[in-house]
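Enquirer: First, the structure itself, so that you have it in front of you.
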Amino acid sequence: QVNYVAAIAQARSNVAEASLAVKQEKAKGEQSARDWAKIGQGKEAGEMVLRVPYLESAEARLVAAEAMLTRALEDLDRTMIRAPFDCRVRDVSLNLGATVAPGTRLGMIYDPNKLMVRLSFSMDDFAQIPKESQIHLTAEISGESHRWEARVMWDGGEIDRTTLSAYLLAEVQPNPEAGGRFRLPPPGLFVKAQLTGATLPGVIEVPRKAVRGRDSIAVLNSQSQ
């Protein structure tokens, strides 16, 4: 960080010098106006006489020096890596003492309080999912069943060409009745998802063994025929 601190010191020096130059040009302009009032014989003083271009140039250098100081402060602030939330570190890509260039991947972090699960569906099932579908997640851990609710965040927007599957991303809701360790599913855990599908009007449920061919159903009458 020594180089960044030195850059800030130099930038502050430049700001001070530019500010002094602005004040000097203002004083010179005011003095020139007083002198012209004595010798100008009532004529209007021009911009060069009043040193207007010199003042504008000094003010522009001050603005540039202040911008350089702001950038130097931001560069120093970027040497401290801070997560925008309380996080956990999943992996680290660099060793201690490594040189880091802008854009270098340092590692991976995640928010343990906001977890999402990626759910895959066949195209037929995906077409039947309503916008406001309820999602129930379950998992077996050490012989005990755990349950969580989830809500749809957004769909993947693309189809996997290999499996012809579509995807939904759902945010897992904490289970207040579960213990502290399983209030949310541990990251990386496989879960089973059950969703409420669309309501189909005029449809009744029949057992699979009653279906004959593609368009016929076996019906049992009162005579068991």
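In the structure tokens, chains take the letters A, B, ... in the order shown, each chain's residues start at 1, and ligands count up from 1 in the order shown.
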Can you check which residues of segment 10-215 of chain A DSSP gives as strand (DSSP E) on the backbone and send them as a ChimeraX atom specification?
Expert: /A:88-92,107-110,116-122,135-141,144-155,165-173,192-195,211-212
Enquirer: Grab the residues selected above and save them as a tab-separated table (two decimals), in the first residue's frame with N, CA and C atoms.
Expert:
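Written out: result-v9.tsv:
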chain	number	residue	atom	x	y	z
A	88	ARG	N	-19.29	-16.60	3.69
A	88	ARG	CA	-18.37	-17.70	3.95
A	88	ARG	C	-17.50	-17.90	2.73
A	89	VAL	N	-16.26	-18.30	2.96
A	89	VAL	CA	-15.32	-18.51	1.86
A	89	VAL	C	-15.41	-19.96	1.41
A	90	ARG	N	-15.70	-20.15	0.14
A	90	ARG	CA	-15.79	-21.52	-0.40
A	90	ARG	C	-14.42	-22.01	-0.86
A	91	ASP	N	-13.67	-21.17	-1.56
A	91	ASP	CA	-12.31	-21.56	-1.96
A	91	ASP	C	-11.48	-20.31	-2.18
A	92	VAL	N	-10.15	-20.48	-2.10
A	92	VAL	CA	-9.19	-19.40	-2.29
A	92	VAL	C	-8.31	-19.76	-3.47
A	107	GLY	N	-10.97	-15.83	-5.26
A	107	GLY	CA	-11.60	-17.00	-4.65
A	107	GLY	C	-13.10	-16.95	-4.87
A	108	MET	N	-13.83	-17.69	-4.06
A	108	MET	CA	-15.28	-17.73	-4.17
A	108	MET	C	-15.90	-17.63	-2.78
A	109	ILE	N	-16.89	-16.77	-2.64
A	109	ILE	CA	-17.61	-16.61	-1.39
A	109	ILE	C	-19.10	-16.78	-1.65
A	110	TYR	N	-19.86	-17.00	-0.60
A	110	TYR	CA	-21.32	-17.09	-0.75
A	110	TYR	C	-21.98	-16.61	0.53
A	116	MET	N	-29.87	-20.61	-3.09
A	116	MET	CA	-30.75	-20.92	-4.21
A	116	MET	C	-30.49	-22.34	-4.67
A	117	VAL	N	-31.51	-22.93	-5.26
A	117	VAL	CA	-31.40	-24.28	-5.79
A	117	VAL	C	-31.83	-24.25	-7.25
A	118	ARG	N	-31.14	-25.02	-8.07
A	118	ARG	CA	-31.42	-25.07	-9.51
A	118	ARG	C	-32.22	-26.33	-9.79
A	119	LEU	N	-33.43	-26.17	-10.31
A	119	LEU	CA	-34.34	-27.28	-10.55
A	119	LEU	C	-34.49	-27.49	-12.05
A	120	SER	N	-34.34	-28.73	-12.49
A	120	SER	CA	-34.46	-29.06	-13.91
A	120	SER	C	-35.78	-29.78	-14.17
A	121	PHE	N	-36.36	-29.52	-15.35
A	121	PHE	CA	-37.65	-30.10	-15.72
A	121	PHE	C	-37.62	-30.50	-17.19
A	122	SER	N	-38.41	-31.53	-17.49
A	122	SER	CA	-38.64	-31.83	-18.90
A	122	SER	C	-39.49	-30.71	-19.50
A	135	ILE	N	-43.18	-24.52	-3.86
A	135	ILE	CA	-42.07	-25.48	-3.98
A	135	ILE	C	-41.74	-26.00	-2.59
A	136	HIS	N	-41.72	-27.31	-2.46
A	136	HIS	CA	-41.37	-27.97	-1.21
A	136	HIS	C	-40.09	-28.77	-1.43
A	137	LEU	N	-39.10	-28.53	-0.61
A	137	LEU	CA	-37.82	-29.22	-0.71
A	137	LEU	C	-37.66	-30.17	0.47
A	138	THR	N	-37.16	-31.37	0.21
A	138	THR	CA	-36.94	-32.34	1.28
A	138	THR	C	-35.58	-32.99	1.09
A	139	ALA	N	-35.02	-33.46	2.20
A	139	ALA	CA	-33.75	-34.18	2.15
A	139	ALA	C	-33.66	-35.09	3.36
A	140	GLU	N	-33.03	-36.23	3.18
A	140	GLU	CA	-32.80	-37.17	4.27
A	140	GLU	C	-31.37	-36.99	4.78
A	141	ILE	N	-31.25	-36.64	6.05
A	141	ILE	CA	-29.94	-36.44	6.67
A	141	ILE	C	-29.87	-37.29	7.93
A	144	GLU	N	-33.07	-38.74	9.15
A	144	GLU	CA	-34.12	-37.80	9.55
A	144	GLU	C	-34.50	-36.95	8.35
A	145	SER	N	-35.80	-36.76	8.15
A	145	SER	CA	-36.29	-35.98	7.02
A	145	SER	C	-36.33	-34.49	7.39
A	146	HIS	N	-35.81	-33.69	6.51
A	146	HIS	CA	-35.83	-32.23	6.69
A	146	HIS	C	-36.59	-31.60	5.53
A	147	ARG	N	-37.26	-30.50	5.83
A	147	ARG	CA	-38.14	-29.88	4.84
A	147	ARG	C	-37.94	-28.37	4.83
A	148	TRP	N	-37.96	-27.80	3.61
A	148	TRP	CA	-37.86	-26.36	3.44
A	148	TRP	C	-38.81	-25.92	2.34
A	149	GLU	N	-39.23	-24.69	2.42
A	149	GLU	CA	-40.04	-24.09	1.35
A	149	GLU	C	-39.11	-23.24	0.47
A	150	ALA	N	-39.54	-23.02	-0.77
A	150	ALA	CA	-38.76	-22.20	-1.69
A	150	ALA	C	-39.71	-21.42	-2.59
A	151	ARG	N	-39.21	-20.35	-3.14
A	151	ARG	CA	-40.01	-19.55	-4.08
A	151	ARG	C	-39.19	-19.31	-5.35
A	152	VAL	N	-39.90	-19.27	-6.46
A	152	VAL	CA	-39.25	-19.11	-7.76
A	152	VAL	C	-38.67	-17.70	-7.88
A	153	MET	N	-37.39	-17.63	-8.22
A	153	MET	CA	-36.75	-16.35	-8.48
A	153	MET	C	-36.86	-16.00	-9.97
A	154	TRP	N	-36.40	-16.88	-10.84
A	154	TRP	CA	-36.51	-16.68	-12.28
A	154	TRP	C	-36.20	-18.00	-12.96
A	155	ASP	N	-36.60	-18.11	-14.24
A	155	ASP	CA	-36.26	-19.32	-14.98
A	155	ASP	C	-34.96	-19.08	-15.73
A	165	SER	N	-33.80	-30.10	-21.28
A	165	SER	CA	-34.42	-29.73	-20.01
A	165	SER	C	-34.44	-28.21	-19.86
A	166	ALA	N	-35.41	-27.72	-19.11
A	166	ALA	CA	-35.48	-26.31	-18.74
A	166	ALA	C	-35.22	-26.20	-17.24
A	167	TYR	N	-34.86	-25.00	-16.79
A	167	TYR	CA	-34.44	-24.83	-15.41
A	167	TYR	C	-35.16	-23.67	-14.74
A	168	LEU	N	-35.36	-23.84	-13.45
A	168	LEU	CA	-35.84	-22.77	-12.58
A	168	LEU	C	-34.82	-22.56	-11.46
A	169	LEU	N	-34.67	-21.32	-11.06
A	169	LEU	CA	-33.86	-20.99	-9.89
A	169	LEU	C	-34.81	-20.57	-8.77
A	170	ALA	N	-34.71	-21.24	-7.64
A	170	ALA	CA	-35.60	-20.97	-6.52
A	170	ALA	C	-34.79	-20.60	-5.29
A	171	GLU	N	-35.27	-19.62	-4.55
A	171	GLU	CA	-34.62	-19.20	-3.31
A	171	GLU	C	-35.19	-20.01	-2.15
A	172	VAL	N	-34.32	-20.61	-1.37
A	172	VAL	CA	-34.74	-21.46	-0.26
A	172	VAL	C	-35.10	-20.57	0.93
A	173	GLN	N	-36.26	-20.85	1.53
A	173	GLN	CA	-36.71	-20.11	2.70
A	173	GLN	C	-36.29	-20.86	3.97
A	192	LYS	N	-34.78	-33.04	-2.85
A	192	LYS	CA	-35.89	-33.39	-3.73
A	192	LYS	C	-36.90	-32.26	-3.70
A	193	ALA	N	-37.41	-31.92	-4.88
A	193	ALA	CA	-38.33	-30.79	-5.00
A	193	ALA	C	-39.70	-31.29	-5.46
A	194	GLN	N	-40.74	-30.75	-4.84
A	194	GLN	CA	-42.12	-31.03	-5.25
A	194	GLN	C	-42.81	-29.70	-5.50
A	195	LEU	N	-43.40	-29.55	-6.69
A	195	LEU	CA	-44.04	-28.30	-7.08
A	195	LEU	C	-45.52	-28.52	-7.34
A	211	VAL	N	-55.41	-47.53	-18.71
A	211	VAL	CA	-55.23	-46.95	-20.05
A	211	VAL	C	-54.96	-48.08	-21.04
A	212	ARG	N	-55.70	-48.06	-22.15
A	212	ARG	CA	-55.53	-49.05	-23.21
A	212	ARG	C	-55.13	-48.31	-24.49
Enquirer: Could you build a table of the residues in segment 45-70 of chain A lying no more than 12 Å from segment 35-38 of chain A, giving for each the nearest pair of atoms and their separation in Å rounded to one decimal place, using only C-alpha atoms, ordered by chain and ascending residue number, as JSON lines?
Expert:
{"residue": "A:Ala45", "atom": "CA", "partner": "A:Trp36", "partner_atom": "CA", "distance": 6.8}
{"residue": "A:Gly46", "atom": "CA", "partner": "A:Trp36", "partner_atom": "CA", "distance": 9.8}
{"residue": "A:Glu47", "atom": "CA", "partner": "A:Trp36", "partner_atom": "CA", "distance": 11.8}
{"residue": "A:Met48", "atom": "CA", "partner": "A:Trp36", "partner_atom": "CA", "distance": 11.6}
{"residue": "A:Val49", "atom": "CA", "partner": "A:Trp36", "partner_atom": "CA", "distance": 7.9}
{"residue": "A:Leu50", "atom": "CA", "partner": "A:Trp36", "partner_atom": "CA", "distance": 8.6}
{"residue": "A:Arg51", "atom": "CA", "partner": "A:Trp36", "partner_atom": "CA", "distance": 11.9}
Enquirer: Selection from above, all heavy atoms, as a PDB file, in the first residue's frame, can you write it?
Expert:
ATOM      1  N   ALA A  45     -12.540  46.782 -20.215  1.00  0.00           N
ATOM      2  CA  ALA A  45     -11.340  45.934 -20.222  1.00  0.00           C
ATOM      3  C   ALA A  45     -11.627  44.607 -20.895  1.00  0.00           C
ATOM      4  O   ALA A  45     -12.704  44.024 -20.737  1.00  0.00           O
ATOM      5  CB  ALA A  45     -10.863  45.709 -18.798  1.00  0.00           C
ATOM      6  N   GLY A  46     -10.653  44.132 -21.679  1.00  0.00           N
ATOM      7  CA  GLY A  46     -10.803  42.847 -22.347  1.00  0.00           C
ATOM      8  C   GLY A  46     -10.495  41.679 -21.413  1.00  0.00           C
ATOM      9  O   GLY A  46     -10.004  41.844 -20.289  1.00  0.00           O
ATOM     10  N   GLU A  47     -10.767  40.477 -21.904  1.00  0.00           N
ATOM     11  CA  GLU A  47     -10.546  39.292 -21.091  1.00  0.00           C
ATOM     12  C   GLU A  47      -9.072  39.088 -20.760  1.00  0.00           C
ATOM     13  O   GLU A  47      -8.728  38.657 -19.662  1.00  0.00           O
ATOM     14  CB  GLU A  47     -11.089  38.047 -21.816  1.00  0.00           C
ATOM     15  CG  GLU A  47     -12.602  37.982 -21.885  1.00  0.00           C
ATOM     16  CD  GLU A  47     -13.084  36.660 -22.443  1.00  0.00           C
ATOM     17  OE1 GLU A  47     -12.224  35.889 -22.957  1.00  0.00           O
ATOM     18  OE2 GLU A  47     -14.291  36.370 -22.373  1.00  0.00           O
ATOM     19  N   MET A  48      -8.199  39.407 -21.714  1.00  0.00           N
ATOM     20  CA  MET A  48      -6.772  39.238 -21.457  1.00  0.00           C
ATOM     21  C   MET A  48      -6.283  40.211 -20.393  1.00  0.00           C
ATOM     22  O   MET A  48      -5.440  39.864 -19.553  1.00  0.00           O
ATOM     23  CB  MET A  48      -5.985  39.422 -22.748  1.00  0.00           C
ATOM     24  CG  MET A  48      -6.237  38.333 -23.783  1.00  0.00           C
ATOM     25  SD  MET A  48      -5.781  36.681 -23.199  1.00  0.00           S
ATOM     26  CE  MET A  48      -4.013  36.883 -23.015  1.00  0.00           C
ATOM     27  N   VAL A  49      -6.834  41.428 -20.420  1.00  0.00           N
ATOM     28  CA  VAL A  49      -6.443  42.409 -19.406  1.00  0.00           C
ATOM     29  C   VAL A  49      -6.872  41.945 -18.022  1.00  0.00           C
ATOM     30  O   VAL A  49      -6.127  42.055 -17.043  1.00  0.00           O
ATOM     31  CB  VAL A  49      -7.039  43.792 -19.737  1.00  0.00           C
ATOM     32  CG1 VAL A  49      -6.778  44.782 -18.599  1.00  0.00           C
ATOM     33  CG2 VAL A  49      -6.474  44.326 -21.041  1.00  0.00           C
ATOM     34  N   LEU A  50      -8.066  41.375 -17.936  1.00  0.00           N
ATOM     35  CA  LEU A  50      -8.593  40.908 -16.649  1.00  0.00           C
ATOM     36  C   LEU A  50      -8.105  39.496 -16.303  1.00  0.00           C
ATOM     37  O   LEU A  50      -8.516  38.947 -15.276  1.00  0.00           O
ATOM     38  CB  LEU A  50     -10.129  40.933 -16.677  1.00  0.00           C
ATOM     39  CG  LEU A  50     -10.759  42.322 -16.894  1.00  0.00           C
ATOM     40  CD1 LEU A  50     -12.267  42.210 -16.972  1.00  0.00           C
ATOM     41  CD2 LEU A  50     -10.348  43.288 -15.792  1.00  0.00           C
ATOM     42  N   ARG A  51      -7.280  38.917 -17.191  1.00  0.00           N
ATOM     43  CA  ARG A  51      -6.685  37.601 -16.964  1.00  0.00           C
ATOM     44  C   ARG A  51      -7.739  36.484 -16.818  1.00  0.00           C
ATOM     45  O   ARG A  51      -7.551  35.511 -16.084  1.00  0.00           O
ATOM     46  CB  ARG A  51      -5.774  37.618 -15.727  1.00  0.00           C
ATOM     47  CG  ARG A  51      -4.663  38.664 -15.794  1.00  0.00           C
ATOM     48  CD  ARG A  51      -3.739  38.541 -14.606  1.00  0.00           C
ATOM     49  NE  ARG A  51      -3.023  37.271 -14.598  1.00  0.00           N
ATOM     50  CZ  ARG A  51      -1.884  37.041 -15.270  1.00  0.00           C
ATOM     51  NH1 ARG A  51      -1.340  38.014 -15.993  1.00  0.00           N
ATOM     52  NH2 ARG A  51      -1.297  35.860 -15.197  1.00  0.00           N
TER      53      ARG A  51
END
Enquirer: Please identify which residues in segment 27-124 of chain A DSSP calls helix (DSSP H, G or I) from the backbone, and express them as number ranges by chain.
Expert: A: 27-39, 52-77, 123-124
Enquirer: Generate a file of the selected residues that holds N, CA and C atoms, formatted as a compact mmCIF listing (two decimals), in the first residue's frame.
Expert:
# COMPACT_ATOMS: atom_id res chain seq x y z
N ALA A 27 -6.54 37.12 -7.63
CA ALA A 27 -5.95 38.36 -7.10
C ALA A 27 -5.35 39.19 -8.23
N LYS A 28 -4.67 38.55 -9.16
CA LYS A 28 -4.10 39.29 -10.29
C LYS A 28 -5.19 39.91 -11.15
N GLY A 29 -6.29 39.17 -11.35
CA GLY A 29 -7.39 39.72 -12.14
C GLY A 29 -8.01 40.93 -11.48
N GLU A 30 -8.19 40.87 -10.17
CA GLU A 30 -8.75 42.01 -9.45
C GLU A 30 -7.80 43.22 -9.51
N GLN A 31 -6.49 42.97 -9.39
CA GLN A 31 -5.52 44.05 -9.48
C GLN A 31 -5.51 44.66 -10.88
N SER A 32 -5.61 43.79 -11.90
CA SER A 32 -5.64 44.29 -13.27
C SER A 32 -6.87 45.15 -13.51
N ALA A 33 -8.02 44.77 -12.91
CA ALA A 33 -9.23 45.57 -13.07
C ALA A 33 -9.07 46.95 -12.43
N ARG A 34 -8.42 46.99 -11.28
CA ARG A 34 -8.19 48.29 -10.63
C ARG A 34 -7.23 49.16 -11.45
N ASP A 35 -6.17 48.53 -12.00
CA ASP A 35 -5.23 49.30 -12.81
C ASP A 35 -5.88 49.82 -14.08
N TRP A 36 -6.72 48.99 -14.69
CA TRP A 36 -7.38 49.42 -15.92
C TRP A 36 -8.36 50.56 -15.65
N ALA A 37 -8.97 50.54 -14.48
CA ALA A 37 -9.88 51.63 -14.16
C ALA A 37 -9.16 52.98 -14.11
N LYS A 38 -7.85 52.94 -13.82
CA LYS A 38 -7.07 54.18 -13.73
C LYS A 38 -6.56 54.64 -15.09
N ILE A 39 -6.20 53.70 -15.94
CA ILE A 39 -5.55 54.07 -17.20
C ILE A 39 -6.38 53.72 -18.43
N VAL A 52 -8.84 36.63 -17.54
CA VAL A 52 -9.91 35.63 -17.47
C VAL A 52 -9.44 34.27 -18.00
N PRO A 53 -8.75 34.20 -19.16
CA PRO A 53 -8.30 32.89 -19.63
C PRO A 53 -7.33 32.22 -18.66
N TYR A 54 -6.47 33.02 -18.00
CA TYR A 54 -5.53 32.45 -17.05
C TYR A 54 -6.27 31.86 -15.84
N LEU A 55 -7.33 32.56 -15.41
CA LEU A 55 -8.12 32.06 -14.28
C LEU A 55 -8.84 30.78 -14.65
N GLU A 56 -9.43 30.74 -15.86
CA GLU A 56 -10.13 29.52 -16.29
C GLU A 56 -9.17 28.34 -16.39
N SER A 57 -7.96 28.60 -16.88
CA SER A 57 -6.96 27.53 -16.97
C SER A 57 -6.58 27.03 -15.59
N ALA A 58 -6.40 27.93 -14.64
CA ALA A 58 -6.05 27.53 -13.28
C ALA A 58 -7.19 26.73 -12.63
N GLU A 59 -8.43 27.15 -12.87
CA GLU A 59 -9.58 26.42 -12.31
C GLU A 59 -9.69 25.02 -12.92
N ALA A 60 -9.39 24.91 -14.23
CA ALA A 60 -9.43 23.59 -14.87
C ALA A 60 -8.37 22.67 -14.29
N ARG A 61 -7.17 23.21 -14.02
CA ARG A 61 -6.12 22.40 -13.42
C ARG A 61 -6.50 21.96 -12.01
N LEU A 62 -7.24 22.81 -11.29
CA LEU A 62 -7.70 22.45 -9.95
C LEU A 62 -8.70 21.30 -10.02
N VAL A 63 -9.63 21.38 -10.97
CA VAL A 63 -10.62 20.30 -11.12
C VAL A 63 -9.92 18.98 -11.46
N ALA A 64 -8.92 19.05 -12.35
CA ALA A 64 -8.19 17.83 -12.72
C ALA A 64 -7.41 17.28 -11.53
N ALA A 65 -6.80 18.17 -10.74
CA ALA A 65 -6.04 17.71 -9.58
C ALA A 65 -6.96 17.07 -8.55
N GLU A 66 -8.15 17.62 -8.34
CA GLU A 66 -9.11 17.04 -7.40
C GLU A 66 -9.59 15.67 -7.89
N ALA A 67 -9.79 15.53 -9.22
CA ALA A 67 -10.20 14.23 -9.77
C ALA A 67 -9.10 13.19 -9.57
N MET A 68 -7.84 13.60 -9.74
CA MET A 68 -6.73 12.67 -9.52
C MET A 68 -6.64 12.26 -8.06
N LEU A 69 -6.93 13.19 -7.16
CA LEU A 69 -6.94 12.84 -5.73
C LEU A 69 -8.04 11.84 -5.43
N THR A 70 -9.23 12.04 -6.00
CA THR A 70 -10.33 11.10 -5.79
C THR A 70 -9.96 9.71 -6.30
N ARG A 71 -9.32 9.65 -7.48
CA ARG A 71 -8.92 8.35 -8.02
C ARG A 71 -7.86 7.69 -7.14
N ALA A 72 -6.92 8.48 -6.63
CA ALA A 72 -5.88 7.92 -5.76
C ALA A 72 -6.48 7.35 -4.48
N LEU A 73 -7.47 8.04 -3.91
CA LEU A 73 -8.14 7.55 -2.71
C LEU A 73 -8.89 6.26 -3.00
N GLU A 74 -9.56 6.20 -4.15
CA GLU A 74 -10.29 4.99 -4.51
C GLU A 74 -9.33 3.82 -4.78
N ASP A 75 -8.18 4.11 -5.39
CA ASP A 75 -7.20 3.05 -5.62
C ASP A 75 -6.72 2.45 -4.30
N LEU A 76 -6.49 3.30 -3.31
CA LEU A 76 -6.08 2.79 -2.01
C LEU A 76 -7.20 1.99 -1.36
N ASP A 77 -8.43 2.46 -1.50
CA ASP A 77 -9.56 1.75 -0.90
C ASP A 77 -9.74 0.38 -1.54
N MET A 123 -39.48 -30.58 -20.80
CA MET A 123 -40.23 -29.50 -21.44
C MET A 123 -41.72 -29.63 -21.17
N ASP A 124 -42.25 -30.89 -21.13
CA ASP A 124 -43.67 -31.08 -20.86
C ASP A 124 -44.03 -30.59 -19.46
Enquirer: Grab the atom CA of Ser142 of chain A to atom CA of Pro185 of chain A distance for me, in Å with one decimal place.
Expert: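 Pair atom CA of Ser142 of chain A / atom CA of Pro185 of chain A returns 13.4 Å.
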Enquirer: Quick one, how far is atom CA of Ser13 of chain A from atom CA of Lys26 of chain A?
Expert: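 Between atom CA of Ser13 of chain A and atom CA of Lys26 of chain A the gap works out to 20.2 Å.
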Enquirer: When you look at Leu220 of chain A with a cut-off of 12 Å (counting only C-alpha atoms), what residues show up, excluding the ones that are within fewer than 5 positions of it in the same chain? I need them as number ranges by chain.
Expert: A: 206, 210, 225
Enquirer: Could you check which of A:Gly103, A:Pro112, A:Gly97, A:Gly42 is closest to Phe182 of chain A, using only C-alpha atoms?
Expert: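 Distance minimum relative to Phe182 of chain A lands on A:Pro112.
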